[in-house]
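Trainee: Got a structure for you, data-v7.txt, holding compact mmCIF, C-alpha atoms.
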```txt
# COMPACT_ATOMS: atom_id res chain seq x y z
CA MET A 1 102.96 79.69 -89.38
CA ASP A 2 104.85 78.95 -92.57
CA ALA A 3 105.83 82.24 -94.17
CA THR A 4 105.90 80.66 -97.64
CA THR A 5 102.10 80.45 -97.65
CA GLN A 6 101.88 84.24 -97.78
CA PRO A 7 104.13 85.33 -100.62
CA THR A 8 103.38 89.03 -100.38
CA ALA A 9 104.47 89.35 -96.75
CA ALA A 10 107.03 86.56 -97.09
CA ARG A 11 110.37 86.89 -95.45
CA TYR A 12 113.28 84.56 -95.17
CA THR A 13 113.30 82.64 -91.89
CA GLY A 14 115.22 84.08 -88.92
CA PRO A 15 118.16 81.66 -89.14
CA ALA A 16 118.40 82.20 -92.92
CA ILE A 17 118.58 85.97 -92.38
CA ALA A 18 121.11 85.63 -89.55
CA LEU A 19 123.32 83.31 -91.63
CA HIS A 20 123.05 85.60 -94.68
CA TRP A 21 124.33 88.67 -92.85
CA LEU A 22 126.88 86.87 -90.71
CA LEU A 23 128.37 85.15 -93.75
CA ALA A 24 128.21 88.37 -95.77
CA LEU A 25 130.34 90.08 -93.11
CA MET A 26 132.76 87.18 -92.79
CA ILE A 27 133.19 86.73 -96.54
CA LEU A 28 133.80 90.44 -97.15
CA ALA A 29 136.24 90.63 -94.24
CA SER A 30 138.10 87.53 -95.44
CA LEU A 31 138.27 88.90 -98.96
CA GLY A 32 139.65 92.22 -97.72
CA VAL A 33 142.18 90.57 -95.42
CA GLY A 34 143.13 88.11 -98.17
CA LEU A 35 143.85 90.87 -100.68
CA TYR A 36 145.75 92.91 -98.09
CA MET A 37 147.88 90.18 -96.52
CA ALA A 38 149.18 88.65 -99.73
CA ASP A 39 151.51 91.58 -100.37
CA LEU A 40 152.71 92.08 -96.79
CA PRO A 41 156.37 91.47 -96.00
CA PHE A 42 157.25 88.58 -93.69
CA SER A 43 156.19 89.73 -90.22
CA PRO A 44 154.17 88.66 -87.17
CA THR A 45 151.28 90.73 -88.57
CA ARG A 46 151.36 88.76 -91.79
CA LEU A 47 151.51 85.44 -89.93
CA LYS A 48 148.61 86.52 -87.73
CA LEU A 49 146.46 87.66 -90.66
CA TYR A 50 147.16 84.47 -92.63
CA ASN A 51 146.04 82.36 -89.72
CA TRP A 52 142.94 84.45 -89.01
CA HIS A 53 142.11 84.31 -92.72
CA LYS A 54 142.37 80.51 -92.67
CA TRP A 55 140.32 80.21 -89.48
CA ALA A 56 137.66 82.51 -90.95
CA GLY A 57 137.66 80.48 -94.16
CA VAL A 58 137.06 77.22 -92.34
CA THR A 59 134.33 78.89 -90.28
CA ILE A 60 132.72 80.17 -93.49
CA LEU A 61 132.87 76.64 -94.91
CA LEU A 62 131.20 75.21 -91.82
CA LEU A 63 128.50 77.91 -91.60
CA SER A 64 127.85 77.55 -95.34
CA ALA A 65 127.17 73.85 -94.81
CA VAL A 66 124.68 74.75 -92.06
CA ARG A 67 123.22 77.41 -94.34
CA LEU A 68 122.87 75.01 -97.29
CA LEU A 69 121.13 72.44 -95.08
CA TRP A 70 118.80 75.14 -93.80
CA ARG A 71 118.14 76.38 -97.33
CA LEU A 72 117.33 72.84 -98.54
CA THR A 73 114.89 72.24 -95.69
CA HIS A 74 113.26 75.68 -95.59
CA ARG A 75 111.63 77.06 -98.68
CA PRO A 76 112.58 80.67 -99.35
CA PRO A 77 109.90 83.26 -100.14
CA ALA A 78 108.57 83.19 -103.69
CA ASP A 79 110.17 85.49 -106.27
CA VAL A 80 108.79 89.00 -106.42
CA ALA A 81 107.34 89.97 -109.77
CA MET A 82 110.10 90.55 -112.33
CA PRO A 83 110.95 89.59 -115.92
CA ALA A 84 111.70 85.86 -116.27
CA TRP A 85 115.31 86.47 -117.38
CA GLN A 86 115.98 88.50 -114.27
CA ALA A 87 114.54 85.82 -112.02
CA ARG A 88 116.65 83.22 -113.83
CA ALA A 89 119.76 85.38 -113.55
CA ALA A 90 119.11 85.82 -109.82
CA HIS A 91 118.74 82.06 -109.32
CA VAL A 92 121.87 81.24 -111.29
CA THR A 93 123.82 83.88 -109.34
CA HIS A 94 122.58 82.43 -106.05
CA GLN A 95 123.52 78.91 -107.09
CA ALA A 96 126.98 80.00 -108.22
CA MET A 97 127.53 81.89 -104.95
CA TYR A 98 126.50 78.85 -102.91
CA ALA A 99 128.94 76.70 -104.91
CA LEU A 100 131.72 79.23 -104.31
CA PHE A 101 130.97 79.41 -100.57
CA PHE A 102 132.40 75.88 -100.56
CA ILE A 103 134.88 76.02 -103.43
CA VAL A 104 136.81 79.12 -102.30
CA PRO A 105 137.57 77.90 -98.74
CA LEU A 106 138.25 74.34 -99.89
CA VAL A 107 140.74 75.52 -102.51
CA GLY A 108 142.41 77.74 -99.88
CA TRP A 109 142.55 74.84 -97.45
CA ALA A 110 144.08 72.61 -100.15
CA TYR A 111 146.67 75.29 -100.92
CA SER A 112 147.64 75.62 -97.27
CA SER A 113 147.94 71.85 -96.88
CA ALA A 114 149.95 71.42 -100.08
CA ALA A 115 152.27 74.25 -99.03
CA GLY A 116 153.07 72.34 -95.83
CA PHE A 117 151.09 74.54 -93.46
CA PRO A 118 148.27 72.40 -92.08
CA ILE A 119 145.41 74.44 -90.68
CA VAL A 120 144.94 74.39 -86.91
CA TRP A 121 141.51 75.90 -86.40
CA PHE A 122 141.80 78.83 -83.98
CA GLY A 123 145.20 77.42 -83.03
CA VAL A 124 143.47 74.56 -81.24
CA LEU A 125 141.95 71.99 -83.60
CA PRO A 126 144.30 70.48 -86.20
CA LEU A 127 142.41 69.88 -89.43
CA PRO A 128 143.30 67.02 -91.76
CA ASP A 129 145.11 67.55 -95.03
CA PHE A 130 143.13 66.26 -97.97
CA VAL A 131 145.96 66.86 -100.42
CA PRO A 132 149.60 65.82 -99.95
CA VAL A 133 152.37 68.26 -99.07
CA ASP A 134 153.69 69.09 -102.52
CA LYS A 135 155.22 72.47 -103.42
CA ALA A 136 154.45 72.11 -107.13
CA LEU A 137 150.83 71.26 -106.35
CA ALA A 138 150.66 74.25 -103.97
CA GLU A 139 151.88 76.60 -106.70
CA ALA A 140 149.32 75.13 -109.11
CA ILE A 141 146.48 75.57 -106.61
CA LYS A 142 147.43 79.05 -105.38
CA PRO A 143 146.09 81.18 -108.28
CA TRP A 144 142.78 79.29 -108.16
CA HIS A 145 142.07 80.41 -104.60
CA GLU A 146 142.42 84.01 -105.74
CA ARG A 147 140.50 83.50 -109.00
CA THR A 148 137.54 81.76 -107.35
CA ALA A 149 137.51 84.36 -104.55
CA LEU A 150 137.45 87.20 -107.10
CA LEU A 151 134.70 85.43 -109.01
CA LEU A 152 132.72 85.24 -105.77
CA ALA A 153 133.42 88.93 -105.14
CA GLY A 154 132.13 89.72 -108.64
CA LEU A 155 128.94 87.74 -108.02
CA VAL A 156 128.49 89.50 -104.66
CA LEU A 157 128.70 92.84 -106.48
CA LEU A 158 126.11 91.66 -108.98
CA HIS A 159 123.92 90.37 -106.13
CA VAL A 160 124.15 93.68 -104.24
CA ALA A 161 123.55 95.68 -107.43
CA GLY A 162 120.43 93.61 -108.13
CA ALA A 163 119.13 94.06 -104.58
CA LEU A 164 119.72 97.82 -104.72
CA LYS A 165 118.02 98.05 -108.09
CA HIS A 166 114.95 96.29 -106.65
CA HIS A 167 115.01 98.57 -103.65
CA PHE A 168 115.59 101.97 -105.24
CA ILE A 169 114.29 101.55 -108.79
CA ASP A 170 111.62 98.85 -108.66
CA ARG A 171 110.66 99.70 -105.05
CA ASP A 172 109.17 96.21 -104.79
CA GLY A 173 110.15 95.47 -101.18
CA LEU A 174 112.43 92.63 -102.20
CA ILE A 175 115.13 93.69 -99.75
CA ASP A 176 112.65 93.58 -96.86
CA ARG A 177 112.63 89.80 -97.12
CA MET A 178 116.23 89.75 -95.92
CA ARG A 179 116.09 92.71 -93.51
CA TRP A 180 117.46 92.14 -90.06
CA ALA A 181 114.17 93.09 -88.34
CA ARG A 182 110.62 93.76 -89.43
CA ARG A 183 109.82 97.44 -89.35
CA MET B 1 183.74 77.82 -81.52
CA PHE B 2 183.46 75.93 -84.78
CA ARG B 3 187.22 75.40 -84.78
CA SER B 4 187.27 74.06 -81.24
CA VAL B 5 184.52 71.59 -82.10
CA SER B 6 186.39 70.48 -85.20
CA MET B 7 189.57 70.07 -83.23
CA PHE B 8 187.69 68.12 -80.63
CA ALA B 9 186.20 65.86 -83.26
CA LEU B 10 189.53 65.47 -84.97
CA ALA B 11 191.23 64.57 -81.71
CA THR B 12 188.55 62.00 -80.98
CA ALA B 13 188.84 60.55 -84.46
CA LEU B 14 192.60 60.23 -84.14
CA ALA B 15 192.31 58.67 -80.70
CA ALA B 16 189.95 55.96 -81.85
CA PRO B 17 190.25 55.61 -85.62
CA ALA B 18 189.02 52.03 -85.68
CA LEU B 19 185.72 53.00 -84.15
CA ALA B 20 184.85 56.00 -86.28
CA GLN B 21 181.52 55.71 -88.02
CA GLN B 22 180.56 57.17 -91.34
CA VAL B 23 177.28 58.97 -91.87
CA VAL B 24 175.37 58.13 -95.03
CA PRO B 25 174.12 61.63 -95.90
CA ALA B 26 171.47 60.53 -98.40
CA ARG B 27 169.67 58.56 -95.70
CA SER B 28 170.28 60.92 -92.82
CA GLU B 29 168.40 64.01 -91.74
CA ILE B 30 168.51 66.66 -89.07
CA GLY B 31 165.23 68.51 -88.88
CA PHE B 32 163.15 70.59 -86.53
CA VAL B 33 159.52 71.34 -85.86
CA SER B 34 158.46 74.83 -84.88
CA LYS B 35 154.91 75.76 -83.95
CA GLN B 36 153.57 78.94 -85.54
CA MET B 37 150.21 79.92 -84.03
CA GLY B 38 149.63 76.28 -83.21
CA VAL B 39 150.64 75.07 -86.66
CA PRO B 40 153.55 72.61 -86.67
CA VAL B 41 155.97 73.63 -89.40
CA GLU B 42 158.79 71.30 -90.33
CA GLY B 43 162.20 72.35 -91.45
CA LYS B 44 165.58 70.77 -91.92
CA PHE B 45 169.25 71.54 -92.19
CA LYS B 46 170.61 70.69 -95.60
CA GLN B 47 174.29 70.95 -94.72
CA TRP B 48 175.99 69.51 -91.70
CA THR B 49 178.81 67.18 -90.80
CA ALA B 50 179.17 64.69 -87.99
CA GLN B 51 182.11 63.00 -86.36
CA ILE B 52 180.99 59.91 -84.56
CA SER B 53 183.16 57.51 -82.66
CA PHE B 54 181.02 55.06 -80.86
CA ASP B 55 181.18 51.45 -79.75
CA PRO B 56 177.84 50.26 -78.37
CA LYS B 57 179.75 47.98 -76.01
CA LYS B 58 181.71 50.90 -74.60
CA PRO B 59 179.34 53.85 -74.93
CA GLU B 60 181.05 55.90 -72.23
CA ALA B 61 184.22 55.99 -74.36
CA GLY B 62 182.31 57.26 -77.39
CA SER B 63 181.90 60.76 -78.65
CA VAL B 64 179.68 62.59 -81.05
CA ALA B 65 180.20 65.99 -82.61
CA PHE B 66 178.07 67.85 -85.12
CA SER B 67 178.70 70.98 -87.08
CA ILE B 68 175.62 72.44 -88.73
CA GLN B 69 175.51 75.20 -91.36
CA THR B 70 172.82 77.50 -90.00
CA GLY B 71 172.36 79.05 -93.43
CA SER B 72 171.20 75.71 -94.78
CA ALA B 73 168.05 75.70 -92.65
CA SER B 74 165.00 75.35 -94.84
CA PHE B 75 161.26 75.19 -94.35
CA GLY B 76 160.87 74.41 -98.02
CA ALA B 77 159.19 77.75 -98.71
CA ALA B 78 161.24 80.43 -100.46
CA GLU B 79 159.78 83.37 -98.54
CA THR B 80 160.50 81.75 -95.16
CA ASP B 81 163.94 80.53 -96.17
CA ALA B 82 164.84 84.08 -97.12
CA GLU B 83 164.24 85.13 -93.49
CA VAL B 84 166.20 82.38 -91.75
CA PRO B 85 169.69 83.89 -92.30
CA LYS B 86 168.65 87.32 -91.00
CA ALA B 87 169.90 88.73 -87.70
CA ALA B 88 166.61 88.13 -85.88
CA TRP B 89 166.80 84.40 -86.60
CA PHE B 90 170.09 82.55 -87.11
CA ASN B 91 172.20 85.61 -87.97
CA VAL B 92 174.17 83.50 -90.42
CA ALA B 93 176.62 86.28 -91.26
CA LYS B 94 177.84 86.34 -87.66
CA PHE B 95 177.11 82.74 -86.61
CA PRO B 96 177.45 80.53 -89.67
CA THR B 97 177.60 77.27 -87.72
CA ALA B 98 175.82 75.64 -84.84
CA SER B 99 177.43 72.75 -83.05
CA PHE B 100 176.84 69.91 -80.72
CA ALA B 101 179.59 68.14 -78.80
CA SER B 102 178.89 65.23 -76.50
CA SER B 103 180.26 65.13 -72.98
CA SER B 104 178.95 61.71 -71.97
CA ILE B 105 177.08 58.78 -73.44
CA LEU B 106 175.13 56.42 -71.25
CA ALA B 107 173.65 53.07 -72.28
CA LEU B 108 170.04 52.60 -71.15
CA GLY B 109 169.70 49.09 -72.60
CA GLY B 110 167.81 47.78 -75.60
CA GLY B 111 169.65 49.97 -78.07
CA LYS B 112 168.72 53.12 -76.15
CA PHE B 113 171.33 55.63 -75.17
CA GLU B 114 171.42 59.00 -73.50
CA VAL B 115 173.82 61.49 -74.98
CA ARG B 116 174.63 64.57 -72.94
CA GLY B 117 176.46 67.48 -74.38
CA LYS B 118 176.63 71.12 -75.29
CA LEU B 119 174.52 72.61 -78.00
CA ALA B 120 175.82 75.93 -79.30
CA ILE B 121 173.71 78.09 -81.57
CA LYS B 122 174.05 81.79 -82.33
CA GLY B 123 176.71 82.36 -79.70
CA ALA B 124 174.73 80.79 -76.88
CA SER B 125 175.40 77.39 -75.47
CA GLN B 126 173.17 75.07 -73.47
CA ASP B 127 173.52 71.62 -71.94
CA VAL B 128 171.13 69.19 -73.56
CA VAL B 129 170.20 65.59 -72.99
CA VAL B 130 169.51 63.71 -76.19
CA PRO B 131 167.82 60.31 -76.17
CA VAL B 132 169.03 58.14 -79.03
CA VAL B 133 167.70 54.83 -80.24
CA ILE B 134 170.03 52.72 -82.36
CA THR B 135 168.69 50.01 -84.61
CA GLN B 136 170.86 47.73 -86.68
CA THR B 137 170.56 45.34 -89.53
CA MET B 138 173.46 43.04 -90.17
CA THR B 139 174.83 42.84 -93.66
CA GLN B 140 177.89 41.09 -95.05
CA ALA B 141 179.72 44.39 -94.98
CA GLY B 142 178.96 44.80 -91.29
CA ALA B 143 176.22 46.47 -89.34
CA ALA B 144 174.04 49.07 -91.01
CA SER B 145 172.92 51.25 -88.14
CA THR B 146 170.34 53.95 -87.71
CA ALA B 147 170.53 56.36 -84.82
CA ALA B 148 167.37 58.37 -84.27
CA GLY B 149 165.90 60.60 -81.65
CA SER B 150 164.43 63.95 -80.83
CA PHE B 151 164.71 66.52 -78.10
CA THR B 152 163.21 69.88 -77.34
CA ILE B 153 165.00 73.17 -76.99
CA LYS B 154 163.78 76.63 -76.11
CA ARG B 155 164.46 78.86 -79.08
CA LEU B 156 164.73 81.99 -76.90
CA ASP B 157 167.63 80.40 -74.98
CA PHE B 158 169.52 80.87 -78.24
CA LYS B 159 167.84 84.16 -79.24
CA ILE B 160 166.37 82.52 -82.32
CA GLY B 161 163.61 84.91 -83.25
CA GLU B 162 164.40 88.28 -81.71
CA GLY B 163 162.51 91.53 -81.44
CA GLU B 164 158.96 91.27 -82.74
CA TRP B 165 159.52 87.52 -83.23
CA ALA B 166 160.29 86.90 -79.54
CA ASP B 167 156.53 86.68 -78.93
CA THR B 168 155.96 83.02 -78.11
CA SER B 169 152.23 83.30 -78.75
CA MET B 170 153.18 83.64 -82.42
CA VAL B 171 156.09 81.23 -82.62
CA ALA B 172 156.27 78.77 -79.72
CA ASN B 173 159.38 78.77 -77.56
CA ASP B 174 159.63 74.99 -77.76
CA VAL B 175 161.31 73.69 -80.88
CA THR B 176 161.65 69.97 -81.41
CA VAL B 177 164.90 68.86 -83.00
CA LYS B 178 164.65 65.53 -84.78
CA PHE B 179 167.41 63.48 -86.29
CA LYS B 180 167.89 60.23 -88.10
CA LEU B 181 171.40 59.16 -88.97
CA ALA B 182 172.28 56.23 -91.19
CA LEU B 183 175.70 54.98 -90.07
CA THR B 184 178.14 52.44 -91.37
CA GLY B 185 181.00 50.88 -89.51
CA MET B 186 179.40 50.58 -86.09
CA ALA B 187 180.12 47.51 -84.00
CA PRO B 188 177.09 45.31 -83.26
CA LEU B 189 174.87 46.34 -80.37
```
What's the structure tokens form of this structure?
Mentor:
Amino acid sequence: MDATTQPTAARYTGPAIALHWLLALMILASLGVGLYMADLPFSPTRLKLYNWHKWAGVTILLLSAVRLLWRLTHRPPADVAMPAWQARAAHVTHQAMYALFFIVPLVGWAYSSAAGFPIVWFGVLPLPDFVPVDKALAEAIKPWHERTALLLAGLVLLHVAGALKHHFIDRDGLIDRMRWARR
Amino acid sequence: MFRSVSMFALATALAAPALAQQVVPARSEIGFVSKQMGVPVEGKFKQWTAQISFDPKKPEAGSVAFSIQTGSASFGAAETDAEVPKAAWFNVAKFPTASFASSSILALGGGKFEVRGKLAIKGASQDVVVPVVITQTMTQAGAASTAAGSFTIKRLDFKIGEGEWADTSMVANDVTVKFKLALTGMAPL
């Protein structure tokens, strides 16, 4: 029953796969919207995108918490055969990405709160401010939301490059562990 | 419009000079809360003047008049404040002041009063009813009074937020106006 007992055919569990792809889509979309909206002139479109970006960010935070809990209680498949440094690099990248799944939205949330725009999730649920309304603090926090998001984007690129290398060069079936459905 | 309000206030002040109250600007505030996609965003007017002539014992004889510089509205964010003076919002170039002039003041008891009057913003004028609570602390110099209250207006009644901004699913029609005035020279409640 437990896939981890059969490393060769091992796949991530269904919920782990679902969360991986759902969060991948949401994170990429939020990154794209975030980069686009920042330079928009003041308009309803800008206001709309900012709010959707914030709602998506909070959703990513929440789903990442679910994902982390799932990850801690469900052992992933064993590493496929690769040089030790590559395995270590993959693990460190994964750990850094998990950390950023929390850091990036939390820093964005703090920025929004400090700037005096509390987040109301999907326009319905007001979320608490965990930093005070303080313009100077907001300005200090702002660049860190972008920097951490770009760092996450860089790690995602590295992650995708690694997966593609395993798939097309090593042809070791690594990507199959995270495929949406078994062939 | 501004002139007529000023004249009105001046006339009231001359009629009842002994009862005129002074606003302590440093401890007074006129602000507003607007909801943007469900998010309450607070702003305030930095420049305004008030002429208040009010005796709590004879509220019906009192009068209140405000003149507010629309260009002084601020949300505390530079990019938003840059939009406020534009034609779609307050159109400060054409309508530099908003005003309120009371028509009647009614005592409700317990320091509560109901002030009725005309609110004029951006060339439109509406009758509003403003509940006011007055609290006082007695000092040797006389009563230090605070008058506070809030009321809700519909921004579209005043065409605040036109064109693409008229969409109330983005910016709610209801805007809460809040005020707190520190006053000196008021007779005891």
Trainee: Find the residues of range 107-183 of chain B that sit at most 12 Å from range 103-125 of chain A; for each, write down the nearest two atoms and how far apart they are in Å, to one decimal. Count all atoms listed in the file. Sort by chain, then by number going up, and give it as CSV.
Mentor:
```
residue,atom,partner,partner_atom,distance
B:Ser169,CA,A:Gly123,CA,10.1
B:Met170,CA,A:Gly123,CA,10.1
B:Val171,CA,A:Gly123,CA,11.5
B:Ala172,CA,A:Gly123,CA,11.6
```
Trainee: So that each row is one residue of chain B with an atom at most 9 Å from chain A, can you give its shortest atom pair and the distance in Å to one decimal, using all atoms listed in the file, rows by chain and rising number, as a Markdown table?
Mentor:
```
| residue | atom | partner | partner_atom | distance |
| --- | --- | --- | --- | --- |
| B:Gln36 | CA | A:Leu47 | CA | 8.1 |
| B:Met37 | CA | A:Gly123 | CA | 5.7 |
| B:Gly38 | CA | A:Gly123 | CA | 4.6 |
| B:Val39 | CA | A:Val120 | CA | 5.7 |
| B:Pro40 | CA | A:Phe117 | CA | 7.5 |
| B:Val41 | CA | A:Phe117 | CA | 6.4 |
| B:Glu42 | CA | A:Gly116 | CA | 8.0 |
| B:Phe75 | CA | A:Gly116 | CA | 8.8 |
| B:Gly76 | CA | A:Lys135 | CA | 8.1 |
| B:Ala77 | CA | A:Ala115 | CA | 7.8 |
| B:Glu79 | CA | A:Phe42 | CA | 7.6 |
| B:Thr80 | CA | A:Phe42 | CA | 7.7 |
| B:Glu83 | CA | A:Phe42 | CA | 7.8 |
| B:Glu164 | CA | A:Pro44 | CA | 7.0 |
| B:Trp165 | CA | A:Pro44 | CA | 6.7 |
| B:Asp167 | CA | A:Pro44 | CA | 8.8 |
| B:Met170 | CA | A:Pro44 | CA | 7.0 |
| B:Val171 | CA | A:Pro44 | CA | 8.9 |
```
Trainee: Need to verify the contact set: Asn91 in chain B, 12 Å, all atoms listed in the file, exclusion of same-chain residues closer than 2 positions in sequence. Can you return it as a PyMOL selection string?
Mentor: chain B and resi 69-71+73+82-89+93-98+121-123+158-162
Trainee: Filtering to C-alpha atoms, could you give me those residues as a tab-separated table (two decimals), in the coordinates of the input?
Mentor:
```tsv
chain	number	residue	atom	x	y	z
B	69	GLN	CA	175.51	75.20	-91.36
B	70	THR	CA	172.82	77.50	-90.00
B	71	GLY	CA	172.36	79.05	-93.43
B	73	ALA	CA	168.05	75.70	-92.65
B	82	ALA	CA	164.84	84.08	-97.12
B	83	GLU	CA	164.24	85.13	-93.49
B	84	VAL	CA	166.20	82.38	-91.75
B	85	PRO	CA	169.69	83.89	-92.30
B	86	LYS	CA	168.65	87.32	-91.00
B	87	ALA	CA	169.90	88.73	-87.70
B	88	ALA	CA	166.61	88.13	-85.88
B	89	TRP	CA	166.80	84.40	-86.60
B	93	ALA	CA	176.62	86.28	-91.26
B	94	LYS	CA	177.84	86.34	-87.66
B	95	PHE	CA	177.11	82.74	-86.61
B	96	PRO	CA	177.45	80.53	-89.67
B	97	THR	CA	177.60	77.27	-87.72
B	98	ALA	CA	175.82	75.64	-84.84
B	121	ILE	CA	173.71	78.09	-81.57
B	122	LYS	CA	174.05	81.79	-82.33
B	123	GLY	CA	176.71	82.36	-79.70
B	158	PHE	CA	169.52	80.87	-78.24
B	159	LYS	CA	167.84	84.16	-79.24
B	160	ILE	CA	166.37	82.52	-82.32
B	161	GLY	CA	163.61	84.91	-83.25
B	162	GLU	CA	164.40	88.28	-81.71
```
Trainee: Just how far from CA of Ala81 in chain A is CA of His167 in chain A, in Å to one decimal?
Mentor: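 CA of His167 in chain A sits 13.0 Å away from CA of Ala81 in chain A.
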Trainee: Please compute the CA of Asp55 in chain B-CA of Leu108 in chain B distance, one decimal, in Å.
Mentor: 14.1 Å
Trainee: Would you be able to write out as an NGL selection string which residues have an atom within 10 Å of (181.0, 65.0, -95.8) in the file's coordinates, counting only C-alpha atoms?
Mentor: :B and (22-25 or 47-51)
Trainee: Mind working out the centre and edge lengths of an axis-aligned box for range 115-121 of chain B, all listed atoms inside, 4 Å added to each side, rounded to one decimal in Å and written as AutoDock Vina command-line options?
Mentor:
```
--center_x 175.2 --center_y 69.8 --center_z -77.3 --size_x 10.9 --size_y 24.6 --size_z 16.6
```
Trainee: In Å, with one decimal, what is the gap from CA of Met138 in chain B to CA of Gly185 in chain B?
Mentor: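 Between these atoms lies a distance of 10.9 Å.
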Trainee: Nearest to Asn173 in chain B: which of B:Ser28, B:Ser34, B:Gln21, B:Ser63 is it, counting all atoms listed in the file?
Mentor: B:Ser34
Trainee: Lys180 in chain B: which residues within 9 Å, counting all atoms listed in the file, same-chain residues fewer than 2 positions away excluded, as an NGL selection string?
Mentor: :B and (27-31 or 146-150 or 178 or 182)
Trainee: Of the candidates A:Met178, A:Ala136, A:Ala153, A:Leu40, which one gets nearest to Trp21 in chain A if we count only C-alpha atoms?
Mentor: A:Met178
Trainee: Need a file for range 59-71 of chain A from that block: C-alpha atoms, written as a PDB file, in the first residue's frame.
Mentor:
```pdb
ATOM      1  CA  THR A  59      -4.311  31.088  -0.572  1.00  0.00           C
ATOM      2  CA  ILE A  60      -0.774  29.993  -1.482  1.00  0.00           C
ATOM      3  CA  LEU A  61       0.254  30.488   2.150  1.00  0.00           C
ATOM      4  CA  LEU A  62      -2.645  28.369   3.372  1.00  0.00           C
ATOM      5  CA  LEU A  63      -2.160  25.596   0.791  1.00  0.00           C
ATOM      6  CA  SER A  64       1.578  25.589   1.517  1.00  0.00           C
ATOM      7  CA  ALA A  65       0.817  24.945   5.182  1.00  0.00           C
ATOM      8  CA  VAL A  66      -1.387  21.999   4.147  1.00  0.00           C
ATOM      9  CA  ARG A  67       1.343  20.859   1.775  1.00  0.00           C
ATOM     10  CA  LEU A  68       4.060  21.082   4.443  1.00  0.00           C
ATOM     11  CA  LEU A  69       1.932  19.074   6.888  1.00  0.00           C
ATOM     12  CA  TRP A  70       1.316  16.482   4.192  1.00  0.00           C
ATOM     13  CA  ARG A  71       5.010  16.382   3.312  1.00  0.00           C
TER      14      ARG A  71
END
```
